[in-house]
file structure-v2.cif (mmCIF, C-alpha atoms and all ligand atoms; chains and numbers go by the auth columns)
data_data
#
loop_
_atom_site.group_PDB
_atom_site.id
_atom_site.type_symbol
_atom_site.label_atom_id
_atom_site.label_comp_id
_atom_site.label_asym_id
_atom_site.label_seq_id
_atom_site.Cartn_x
_atom_site.Cartn_y
_atom_site.Cartn_z
_atom_site.B_iso_or_equiv
_atom_site.auth_seq_id
_atom_site.auth_asym_id
ATOM 1 C CA MET A 1 82.131 80.645 64.550 0.00 1 A
ATOM 2 C CA PHE A 2 82.870 84.087 66.019 0.00 2 A
ATOM 3 C CA ILE A 3 80.304 86.833 66.586 0.00 3 A
ATOM 4 C CA ASP A 4 80.734 90.576 66.175 0.00 4 A
ATOM 5 C CA ALA A 5 77.575 91.811 67.874 0.00 5 A
ATOM 6 C CA HIS A 6 78.273 95.523 67.342 0.00 6 A
ATOM 7 C CA ALA A 7 80.054 97.056 64.355 0.00 7 A
ATOM 8 C CA HIS A 8 79.850 100.237 62.264 0.00 8 A
ATOM 9 C CA LEU A 9 80.505 98.963 58.735 0.00 9 A
ATOM 10 C CA ASP A 10 78.751 102.080 57.383 0.00 10 A
ATOM 11 C CA HIS A 11 81.590 104.236 58.749 0.00 11 A
ATOM 12 C CA PRO A 12 83.476 106.315 56.134 0.00 12 A
ATOM 13 C CA SER A 13 86.724 104.534 57.009 0.00 13 A
ATOM 14 C CA PHE A 14 85.235 101.375 55.418 0.00 14 A
ATOM 15 C CA HIS A 15 83.882 103.011 52.256 0.00 15 A
ATOM 16 C CA GLU A 16 86.891 102.021 50.185 0.00 16 A
ATOM 17 C CA ASP A 17 87.331 98.408 51.220 0.00 17 A
ATOM 18 C CA VAL A 18 84.240 97.035 52.960 0.00 18 A
ATOM 19 C CA GLU A 19 84.315 94.012 50.631 0.00 19 A
ATOM 20 C CA GLN A 20 87.855 93.041 51.698 0.00 20 A
ATOM 21 C CA VAL A 21 87.021 93.742 55.350 0.00 21 A
ATOM 22 C CA ILE A 22 84.118 91.288 55.136 0.00 22 A
ATOM 23 C CA GLU A 23 86.296 88.713 53.338 0.00 23 A
ATOM 24 C CA ARG A 24 88.922 88.939 56.081 0.00 24 A
ATOM 25 C CA ALA A 25 86.217 88.473 58.731 0.00 25 A
ATOM 26 C CA LYS A 26 84.983 85.309 56.991 0.00 26 A
ATOM 27 C CA LYS A 27 88.522 83.954 56.711 0.00 27 A
ATOM 28 C CA ALA A 28 89.062 84.597 60.422 0.00 28 A
ATOM 29 C CA GLY A 29 85.961 82.484 61.166 0.00 29 A
ATOM 30 C CA VAL A 30 83.471 85.266 61.925 0.00 30 A
ATOM 31 C CA GLY A 31 79.938 84.070 61.166 0.00 31 A
ATOM 32 C CA ILE A 32 77.836 87.088 62.144 0.00 32 A
ATOM 33 C CA ILE A 33 78.442 90.843 62.047 0.00 33 A
ATOM 34 C CA VAL A 34 75.641 92.964 63.505 0.00 34 A
ATOM 35 C CA ALA A 35 76.004 96.289 61.685 0.00 35 A
ATOM 36 C CA ASN A 36 74.469 99.169 63.658 0.00 36 A
ATOM 37 C CA GLY A 37 73.035 102.300 62.084 0.00 37 A
ATOM 38 C CA VAL A 38 72.960 105.585 63.986 0.00 38 A
ATOM 39 C CA ASN A 39 70.865 107.949 61.805 0.00 39 A
ATOM 40 C CA PRO A 40 68.754 107.857 58.602 0.00 40 A
ATOM 41 C CA GLU A 41 71.731 107.761 56.244 0.00 41 A
ATOM 42 C CA THR A 42 73.651 104.999 58.045 0.00 42 A
ATOM 43 C CA ASN A 43 70.454 103.007 58.721 0.00 43 A
ATOM 44 C CA ARG A 44 69.895 102.766 54.964 0.00 44 A
ATOM 45 C CA ARG A 45 73.520 101.874 54.352 0.00 45 A
ATOM 46 C CA VAL A 46 73.298 99.090 56.959 0.00 46 A
ATOM 47 C CA LEU A 47 70.205 97.675 55.203 0.00 47 A
ATOM 48 C CA GLU A 48 72.075 97.655 51.875 0.00 48 A
ATOM 49 C CA LEU A 49 75.042 95.852 53.409 0.00 49 A
ATOM 50 C CA ALA A 50 72.808 93.240 55.034 0.00 50 A
ATOM 51 C CA LYS A 51 71.092 92.643 51.708 0.00 51 A
ATOM 52 C CA LYS A 52 74.380 92.211 49.913 0.00 52 A
ATOM 53 C CA TYR A 53 76.332 90.096 52.435 0.00 53 A
ATOM 54 C CA ALA A 54 74.741 87.160 54.261 0.00 54 A
ATOM 55 C CA ILE A 55 77.198 87.509 57.153 0.00 55 A
ATOM 56 C CA VAL A 56 75.937 91.050 57.899 0.00 56 A
ATOM 57 C CA LYS A 57 72.801 91.461 60.023 0.00 57 A
ATOM 58 C CA ALA A 58 71.124 94.855 60.330 0.00 58 A
ATOM 59 C CA ALA A 59 70.297 96.792 63.482 0.00 59 A
ATOM 60 C CA LEU A 60 68.759 100.238 63.011 0.00 60 A
ATOM 61 C CA GLY A 61 68.872 103.025 65.521 0.00 61 A
ATOM 62 C CA ILE A 62 69.144 106.667 66.466 0.00 62 A
ATOM 63 C CA TYR A 63 72.403 107.448 68.270 0.00 63 A
ATOM 64 C CA PRO A 64 71.949 109.506 71.458 0.00 64 A
ATOM 65 C CA ILE A 65 73.750 112.517 70.005 0.00 65 A
ATOM 66 C CA GLU A 66 71.646 112.336 66.829 0.00 66 A
ATOM 67 C CA ALA A 67 68.632 112.334 69.138 0.00 67 A
ATOM 68 C CA LEU A 68 69.353 115.976 70.024 0.00 68 A
ATOM 69 C CA GLN A 69 67.509 117.281 66.989 0.00 69 A
ATOM 70 C CA GLN A 70 66.297 120.520 68.570 0.00 70 A
ATOM 71 C CA GLU A 71 69.826 121.401 69.684 0.00 71 A
ATOM 72 C CA ILE A 72 71.278 120.511 66.274 0.00 72 A
ATOM 73 C CA LYS A 73 68.739 122.780 64.582 0.00 73 A
ATOM 74 C CA GLU A 74 69.592 125.607 66.939 0.00 74 A
ATOM 75 C CA GLY A 75 73.185 125.286 65.820 0.00 75 A
ATOM 76 C CA GLU A 76 74.926 124.205 68.985 0.00 76 A
ATOM 77 C CA TYR A 77 76.406 121.139 67.275 0.00 77 A
ATOM 78 C CA PRO A 78 78.293 120.639 64.005 0.00 78 A
ATOM 79 C CA LEU A 79 75.783 118.040 62.795 0.00 79 A
ATOM 80 C CA LYS A 80 73.614 120.145 60.460 0.00 80 A
ATOM 81 C CA PRO A 81 73.429 117.545 57.654 0.00 81 A
ATOM 82 C CA ASN A 82 71.891 115.148 60.128 0.00 82 A
ATOM 83 C CA VAL A 83 68.741 117.135 60.867 0.00 83 A
ATOM 84 C CA PHE A 84 65.833 114.705 60.484 0.00 84 A
ATOM 85 C CA ASP A 85 62.428 113.917 61.894 0.00 85 A
ATOM 86 C CA VAL A 86 62.881 111.419 64.716 0.00 86 A
ATOM 87 C CA ASN A 87 59.300 110.119 64.509 0.00 87 A
ATOM 88 C CA GLU A 88 59.552 109.565 60.764 0.00 88 A
ATOM 89 C CA GLU A 89 62.766 107.612 61.238 0.00 89 A
ATOM 90 C CA ILE A 90 61.168 105.487 63.946 0.00 90 A
ATOM 91 C CA ASP A 91 58.321 104.704 61.519 0.00 91 A
ATOM 92 C CA PHE A 92 60.885 103.768 58.877 0.00 92 A
ATOM 93 C CA ILE A 93 62.668 101.398 61.276 0.00 93 A
ATOM 94 C CA ARG A 94 59.348 99.832 62.274 0.00 94 A
ATOM 95 C CA LYS A 95 58.592 99.072 58.634 0.00 95 A
ATOM 96 C CA GLN A 96 61.939 97.276 58.281 0.00 96 A
ATOM 97 C CA LYS A 97 61.179 94.862 61.099 0.00 97 A
ATOM 98 C CA ASN A 98 61.450 91.781 58.879 0.00 98 A
ATOM 99 C CA HIS A 99 64.877 92.848 57.636 0.00 99 A
ATOM 100 C CA ILE A 100 66.532 93.583 60.966 0.00 100 A
ATOM 101 C CA VAL A 101 67.770 91.617 63.984 0.00 101 A
ATOM 102 C CA GLY A 102 67.698 94.425 66.531 0.00 102 A
ATOM 103 C CA ILE A 103 67.055 98.060 67.446 0.00 103 A
ATOM 104 C CA GLY A 104 70.246 100.086 67.904 0.00 104 A
ATOM 105 C CA GLU A 105 72.458 101.823 68.321 0.00 105 A
ATOM 106 C CA CYS A 106 70.526 103.957 70.754 0.00 106 A
ATOM 107 C CA GLY A 107 70.728 104.997 74.391 0.00 107 A
ATOM 108 C CA LEU A 108 72.159 107.901 76.370 0.00 108 A
ATOM 109 C CA ASP A 109 75.497 109.721 76.249 0.00 109 A
ATOM 110 C CA ASP A 110 76.808 112.219 78.755 0.00 110 A
ATOM 111 C CA HIS A 111 80.397 111.972 77.562 0.00 111 A
ATOM 112 C CA HIS A 112 80.542 113.379 74.023 0.00 112 A
ATOM 113 C CA VAL A 113 77.874 115.931 74.878 0.00 113 A
ATOM 114 C CA GLN A 114 77.146 116.914 78.443 0.00 114 A
ATOM 115 C CA GLY A 115 74.035 117.966 80.285 0.00 115 A
ATOM 116 C CA LYS A 116 71.643 116.946 77.486 0.00 116 A
ATOM 117 C CA LEU A 117 70.253 113.754 78.930 0.00 117 A
ATOM 118 C CA GLU A 118 66.674 115.020 79.237 0.00 118 A
ATOM 119 C CA SER A 119 66.180 115.411 75.462 0.00 119 A
ATOM 120 C CA GLN A 120 68.035 112.156 74.808 0.00 120 A
ATOM 121 C CA LYS A 121 65.773 110.320 77.246 0.00 121 A
ATOM 122 C CA LYS A 122 62.664 111.236 75.242 0.00 122 A
ATOM 123 C CA VAL A 123 64.087 109.555 72.143 0.00 123 A
ATOM 124 C CA PHE A 124 65.513 106.571 74.044 0.00 124 A
ATOM 125 C CA GLU A 125 62.062 106.017 75.577 0.00 125 A
ATOM 126 C CA LYS A 126 60.631 105.852 72.054 0.00 126 A
ATOM 127 C CA MET A 127 63.340 103.408 70.958 0.00 127 A
ATOM 128 C CA ILE A 128 62.566 101.156 73.919 0.00 128 A
ATOM 129 C CA GLY A 129 58.882 101.250 72.916 0.00 129 A
ATOM 130 C CA LEU A 130 59.834 100.445 69.322 0.00 130 A
ATOM 131 C CA ALA A 131 61.943 97.430 70.369 0.00 131 A
ATOM 132 C CA GLU A 132 59.010 96.150 72.444 0.00 132 A
ATOM 133 C CA GLN A 133 56.636 96.631 69.539 0.00 133 A
ATOM 134 C CA VAL A 134 58.748 94.820 66.950 0.00 134 A
ATOM 135 C CA LYS A 135 59.887 92.240 69.550 0.00 135 A
ATOM 136 C CA LYS A 136 63.592 92.664 68.846 0.00 136 A
ATOM 137 C CA PRO A 137 66.517 93.111 71.229 0.00 137 A
ATOM 138 C CA ILE A 138 67.741 96.635 71.895 0.00 138 A
ATOM 139 C CA ILE A 139 71.456 97.487 71.535 0.00 139 A
ATOM 140 C CA VAL A 140 72.320 100.182 74.004 0.00 140 A
ATOM 141 C CA HIS A 141 75.007 102.856 74.318 0.00 141 A
ATOM 142 C CA SER A 142 75.353 104.173 77.868 0.00 142 A
ATOM 143 C CA ARG A 143 78.559 106.206 78.095 0.00 143 A
ATOM 144 C CA LYS A 144 78.697 108.186 81.377 0.00 144 A
ATOM 145 C CA ALA A 145 74.941 107.675 81.770 0.00 145 A
ATOM 146 C CA GLU A 146 74.988 104.048 82.856 0.00 146 A
ATOM 147 C CA GLN A 147 72.667 104.402 85.849 0.00 147 A
ATOM 148 C CA GLU A 148 70.125 106.442 83.887 0.00 148 A
ATOM 149 C CA VAL A 149 70.141 103.784 81.151 0.00 149 A
ATOM 150 C CA LEU A 150 69.685 100.955 83.652 0.00 150 A
ATOM 151 C CA ASP A 151 66.865 102.812 85.416 0.00 151 A
ATOM 152 C CA MET A 152 64.992 103.398 82.167 0.00 152 A
ATOM 153 C CA LEU A 153 65.401 99.816 80.961 0.00 153 A
ATOM 154 C CA ILE A 154 64.430 98.315 84.303 0.00 154 A
ATOM 155 C CA SER A 155 61.303 100.446 84.573 0.00 155 A
ATOM 156 C CA SER A 156 60.243 99.408 81.053 0.00 156 A
ATOM 157 C CA ARG A 157 58.889 95.997 80.096 0.00 157 A
ATOM 158 C CA ILE A 158 61.781 95.204 77.818 0.00 158 A
ATOM 159 C CA LYS A 159 63.743 92.042 78.564 0.00 159 A
ATOM 160 C CA LYS A 160 66.023 91.549 75.537 0.00 160 A
ATOM 161 C CA VAL A 161 68.856 93.977 76.136 0.00 161 A
ATOM 162 C CA LEU A 162 72.437 94.140 74.904 0.00 162 A
ATOM 163 C CA LEU A 163 74.562 96.639 76.807 0.00 163 A
ATOM 164 C CA HIS A 164 77.345 97.396 74.376 0.00 164 A
ATOM 165 C CA CYS A 165 80.779 98.475 75.605 0.00 165 A
ATOM 166 C CA PHE A 166 79.421 99.040 79.120 0.00 166 A
ATOM 167 C CA SER A 167 81.664 101.301 81.202 0.00 167 A
ATOM 168 C CA GLY A 168 79.639 101.392 84.415 0.00 168 A
ATOM 169 C CA ASN A 169 80.976 100.279 87.785 0.00 169 A
ATOM 170 C CA MET A 170 80.786 96.681 89.006 0.00 170 A
ATOM 171 C CA LYS A 171 77.655 97.384 91.047 0.00 171 A
ATOM 172 C CA GLN A 172 75.903 98.527 87.876 0.00 172 A
ATOM 173 C CA VAL A 173 77.279 95.527 85.989 0.00 173 A
ATOM 174 C CA LYS A 174 75.707 93.283 88.632 0.00 174 A
ATOM 175 C CA GLN A 175 72.418 95.154 88.396 0.00 175 A
ATOM 176 C CA GLY A 176 72.301 94.583 84.616 0.00 176 A
ATOM 177 C CA GLU A 177 73.310 90.955 85.008 0.00 177 A
ATOM 178 C CA GLU A 178 70.526 90.346 87.536 0.00 178 A
ATOM 179 C CA GLU A 179 68.025 91.734 85.034 0.00 179 A
ATOM 180 C CA GLY A 180 69.209 89.112 82.516 0.00 180 A
ATOM 181 C CA TYR A 181 70.815 91.678 80.209 0.00 181 A
ATOM 182 C CA TYR A 182 73.677 90.734 77.908 0.00 182 A
ATOM 183 C CA PHE A 183 77.010 92.533 77.736 0.00 183 A
ATOM 184 C CA SER A 184 79.127 92.666 74.591 0.00 184 A
ATOM 185 C CA ILE A 185 82.833 92.840 75.268 0.00 185 A
ATOM 186 C CA PRO A 186 84.934 94.872 72.824 0.00 186 A
ATOM 187 C CA ALA A 187 88.202 93.606 71.346 0.00 187 A
ATOM 188 C CA ASN A 188 90.251 96.035 73.444 0.00 188 A
ATOM 189 C CA VAL A 189 89.578 93.685 76.371 0.00 189 A
ATOM 190 C CA THR A 190 93.054 92.422 75.453 0.00 190 A
ATOM 191 C CA PHE A 191 94.432 95.389 77.433 0.00 191 A
ATOM 192 C CA SER A 192 91.450 97.044 79.173 0.00 192 A
ATOM 193 C CA THR A 193 91.404 95.993 82.818 0.00 193 A
ATOM 194 C CA HIS A 194 87.806 97.275 83.125 0.00 194 A
ATOM 195 C CA PHE A 195 86.523 94.829 80.506 0.00 195 A
ATOM 196 C CA GLN A 196 88.696 92.028 81.892 0.00 196 A
ATOM 197 C CA GLU A 197 87.093 92.542 85.303 0.00 197 A
ATOM 198 C CA MET A 198 83.629 92.467 83.696 0.00 198 A
ATOM 199 C CA VAL A 199 84.420 89.193 81.927 0.00 199 A
ATOM 200 C CA LYS A 200 85.520 87.620 85.202 0.00 200 A
ATOM 201 C CA ARG A 201 82.330 88.664 86.974 0.00 201 A
ATOM 202 C CA ILE A 202 79.582 88.133 84.400 0.00 202 A
ATOM 203 C CA ASN A 203 78.091 84.704 83.755 0.00 203 A
ATOM 204 C CA ILE A 204 79.425 83.308 80.457 0.00 204 A
ATOM 205 C CA ASN A 205 75.806 82.819 79.323 0.00 205 A
ATOM 206 C CA GLN A 206 75.316 86.618 79.279 0.00 206 A
ATOM 207 C CA LEU A 207 78.455 87.556 77.359 0.00 207 A
ATOM 208 C CA LEU A 208 78.745 88.509 73.708 0.00 208 A
ATOM 209 C CA THR A 209 81.697 89.803 71.715 0.00 209 A
ATOM 210 C CA GLU A 210 81.932 92.948 69.604 0.00 210 A
ATOM 211 C CA THR A 211 84.431 95.199 67.881 0.00 211 A
ATOM 212 C CA ASP A 212 82.572 98.564 67.738 0.00 212 A
ATOM 213 C CA CYS A 213 84.805 98.960 64.686 0.00 213 A
ATOM 214 C CA PRO A 214 86.343 101.169 63.416 0.00 214 A
ATOM 215 C CA TYR A 215 86.783 102.207 67.081 0.00 215 A
ATOM 216 C CA LEU A 216 88.360 100.357 70.041 0.00 216 A
ATOM 217 C CA SER A 217 90.977 98.344 68.165 0.00 217 A
ATOM 218 C CA PRO A 218 92.874 95.671 70.079 0.00 218 A
ATOM 219 C CA PHE A 219 95.919 96.854 68.119 0.00 219 A
ATOM 220 C CA LYS A 220 96.818 100.394 69.139 0.00 220 A
ATOM 221 C CA GLY A 221 96.833 102.909 66.315 0.00 221 A
ATOM 222 C CA GLN A 222 95.195 100.523 63.841 0.00 222 A
ATOM 223 C CA ARG A 223 91.641 100.699 62.463 0.00 223 A
ATOM 224 C CA ASN A 224 89.488 98.050 64.102 0.00 224 A
ATOM 225 C CA GLU A 225 87.534 95.541 61.962 0.00 225 A
ATOM 226 C CA PRO A 226 85.249 92.526 62.526 0.00 226 A
ATOM 227 C CA ALA A 227 88.062 89.960 62.051 0.00 227 A
ATOM 228 C CA PHE A 228 89.597 91.237 65.289 0.00 228 A
ATOM 229 C CA VAL A 229 86.645 89.980 67.329 0.00 229 A
ATOM 230 C CA VAL A 230 88.660 86.765 67.529 0.00 230 A
ATOM 231 C CA GLU A 231 90.878 88.658 69.996 0.00 231 A
ATOM 232 C CA SER A 232 88.010 89.298 72.426 0.00 232 A
ATOM 233 C CA THR A 233 86.915 85.682 72.226 0.00 233 A
ATOM 234 C CA LYS A 234 90.464 84.454 72.948 0.00 234 A
ATOM 235 C CA LYS A 235 90.761 86.769 75.924 0.00 235 A
ATOM 236 C CA ILE A 236 87.386 85.683 77.315 0.00 236 A
ATOM 237 C CA ALA A 237 88.454 82.026 76.971 0.00 237 A
ATOM 238 C CA GLU A 238 91.662 82.770 78.851 0.00 238 A
ATOM 239 C CA LEU A 239 89.932 84.726 81.637 0.00 239 A
ATOM 240 C CA LYS A 240 87.147 82.164 82.092 0.00 240 A
ATOM 241 C CA GLY A 241 89.441 79.130 81.830 0.00 241 A
ATOM 242 C CA PHE A 242 87.593 77.610 78.856 0.00 242 A
ATOM 243 C CA THR A 243 88.973 76.442 75.519 0.00 243 A
ATOM 244 C CA LEU A 244 88.569 78.783 72.575 0.00 244 A
ATOM 245 C CA GLU A 245 86.113 76.363 70.998 0.00 245 A
ATOM 246 C CA GLU A 246 83.954 76.162 74.118 0.00 246 A
ATOM 247 C CA THR A 247 83.912 79.958 74.337 0.00 247 A
ATOM 248 C CA GLU A 248 83.026 80.363 70.647 0.00 248 A
ATOM 249 C CA ASN A 249 80.153 77.892 70.990 0.00 249 A
ATOM 250 C CA ASN A 250 78.870 79.492 74.147 0.00 250 A
ATOM 251 C CA ILE A 251 78.891 82.979 72.631 0.00 251 A
ATOM 252 C CA MET A 252 77.173 81.706 69.488 0.00 252 A
ATOM 253 C CA MET A 253 74.492 80.141 71.673 0.00 253 A
ATOM 254 C CA ASN A 254 74.085 83.452 73.527 0.00 254 A
ATOM 255 C CA TYR A 255 73.715 85.281 70.217 0.00 255 A
ATOM 256 C CA LYS A 256 70.982 82.881 69.168 0.00 256 A
ATOM 257 C CA THR A 257 69.168 83.172 72.479 0.00 257 A
ATOM 258 C CA LEU A 258 69.158 86.958 72.351 0.00 258 A
ATOM 259 C CA PHE A 259 68.688 87.655 68.653 0.00 259 A
ATOM 260 C CA GLN A 260 66.618 84.753 67.317 0.00 260 A
HETATM 261 ZN ZN ZN B . 78.777 101.802 68.410 0.00 1 B
#

call {"tool": "encode", "arguments": {"input": "structure-v2.cif", "output": "structure tokens"}}
result
Amino acid sequence: MFIDAHAHLDHPSFHEDVEQVIERAKKAGVGIIVANGVNPETNRRVLELAKKYAIVKAALGIYPIEALQQEIKEGEYPLKPNVFDVNEEIDFIRKQKNHIVGIGECGLDDHHVQGKLESQKKVFEKMIGLAEQVKKPIIVHSRKAEQEVLDMLISSRIKKVLLHCFSGNMKQVKQGEEEGYYFSIPANVTFSTHFQEMVKRININQLLTETDCPYLSPFKGQRNEPAFVVESTKKIAELKGFTLEETENNIMMNYKTLFQ
């Protein structure tokens, strides 16, 4: 059974055919898709999907860019429809604790927006506190802010961490590994030398697989979808020198250890 530990099934590009996308994932042997919300609207959509499809598990979060509520209100960003009360949304997520497997997507981003880490940190701090409170793993985005993310996680009491699509350097990878954090490897590991290097270095017991669909497709120019997580698993098997079956079982075991 394959695991897609990080997907965006709420994304508009799946509105038309989410049913078929889920069918294809099942046919490919995918057993779990962790759908991640990023704001109030997508968090609710993720809950609906998890209710409707047994294969879909919900994770609810506040994406780092959505965390910039003050800036959005002031009109610096084209995200006006997404103005919401961060504390109210955190309360909402807390109340869903029996319907979710994790907290995320959340974290810090200094790539899509720059120089706004201080306001993002305030919200990420609250998300870390929330994950501790509800005793669920936290699924973390860390683009171009990898060290800041590691520093915040390490200085908190949180232990159950999934660093999704981690683009930090190998020293930072080692730092996360030593803390016992998990890393989910996207399907573009088929051609990304960065992710291939990570797979070689990280203990197999701390690896998970993801698609981050519709982004990061292993097939250039094509929309990504959960069925393609098979490609990351195959590549991990090849790089680690294990059979596909051994790799599948190991990653399933890792999923259970982190999420259950
Ligand atoms: Zn994502």

call {"tool": "resolve_selection", "arguments": {"input": "structure-v2.cif", "expression": "the PyMOL selection byres (((chain A and resi 177) around 12) and not hetatm)", "output": "JSON, numbers by chain"}}
result
{"A": [150, 154, 159, 160, 161, 162, 163, 166, 170, 171, 172, 173, 174, 175, 176, 178, 179, 180, 181, 182, 183, 198, 199, 201, 202, 203, 204, 205, 206, 207]}

call {"tool": "closest_residue", "arguments": {"input": "structure-v2.cif", "among": "A:Lys126, A:Arg94, A:His164, A:Lys26", "to": "Asp212 (chain A)", "atoms": "all atoms listed in the file"}}
result
A:His164

call {"tool": "resolve_selection", "arguments": {"input": "structure-v2.cif", "expression": "the PyMOL selection byres (((chain A and resi 232) around 9) and not hetatm)", "output": "PDB file with C-alpha atoms, in the frame of the given file"}}
result
ATOM      1  CA  ILE A 185      82.833  92.840  75.268  1.00  0.00           C
ATOM      2  CA  PRO A 186      84.934  94.872  72.824  1.00  0.00           C
ATOM      3  CA  ALA A 187      88.202  93.606  71.346  1.00  0.00           C
ATOM      4  CA  ASN A 188      90.251  96.035  73.444  1.00  0.00           C
ATOM      5  CA  VAL A 189      89.578  93.685  76.371  1.00  0.00           C
ATOM      6  CA  THR A 190      93.054  92.422  75.453  1.00  0.00           C
ATOM      7  CA  THR A 209      81.697  89.803  71.715  1.00  0.00           C
ATOM      8  CA  GLU A 210      81.932  92.948  69.604  1.00  0.00           C
ATOM      9  CA  THR A 211      84.431  95.199  67.881  1.00  0.00           C
ATOM     10  CA  PRO A 218      92.874  95.671  70.079  1.00  0.00           C
ATOM     11  CA  PHE A 228      89.597  91.237  65.289  1.00  0.00           C
ATOM     12  CA  VAL A 229      86.645  89.980  67.329  1.00  0.00           C
ATOM     13  CA  VAL A 230      88.660  86.765  67.529  1.00  0.00           C
ATOM     14  CA  GLU A 231      90.878  88.658  69.996  1.00  0.00           C
ATOM     15  CA  THR A 233      86.915  85.682  72.226  1.00  0.00           C
ATOM     16  CA  LYS A 234      90.464  84.454  72.948  1.00  0.00           C
ATOM     17  CA  LYS A 235      90.761  86.769  75.924  1.00  0.00           C
ATOM     18  CA  ILE A 236      87.386  85.683  77.315  1.00  0.00           C
ATOM     19  CA  ALA A 237      88.454  82.026  76.971  1.00  0.00           C
TER      20      ALA A 237
END

call {"tool": "residues_near_ligand", "arguments": {"input": "structure-v2.cif", "ligand": "ligand ZN 1 (chain B)", "cutoff": "10 Å", "atoms": "only C-alpha atoms and all ligand atoms", "output": "PyMOL selection string"}}
result
chain A and resi 6-8+35-38+63+104-106+139-141+164-165+210-216

call {"tool": "resolve_selection", "arguments": {"input": "structure-v2.cif", "expression": "the PyMOL selection byres (((chain A and resi 127) around 8) and not hetatm)", "output": "count of residues only"}}
result
12

call {"tool": "atom_distance", "arguments": {"input": "structure-v2.cif", "atom1": "CA of Glu89 (chain A)", "atom2": "CA of Lys122 (chain A)"}}
result
14.5 Å

call {"tool": "axis_aligned_box", "arguments": {"input": "structure-v2.cif", "around": "region 200-205 of chain A", "padding_each_side": "6 Å", "output": "lines of an AutoDock Vina configuration file"}}
result
center_x = 80.7
center_y = 85.7
center_z = 83.1
size_x = 21.7
size_y = 17.8
size_z = 19.7

call {"tool": "atom_distance", "arguments": {"input": "structure-v2.cif", "atom1": "CA of Lys144 (chain A)", "atom2": "CA of Gly107 (chain A)"}}
result
11.1 Å

call {"tool": "atom_distance", "arguments": {"input": "structure-v2.cif", "atom1": "CA of Asp4 (chain A)", "atom2": "CA of Ser184 (chain A)"}}
result
8.8 Å

call {"tool": "closest_residue", "arguments": {"input": "structure-v2.cif", "among": "A:Ala25, A:Val83, A:Ala54, A:Ile62", "to": "Pro226 (chain A)", "atoms": "all atoms listed in the file"}}
result
A:Ala25
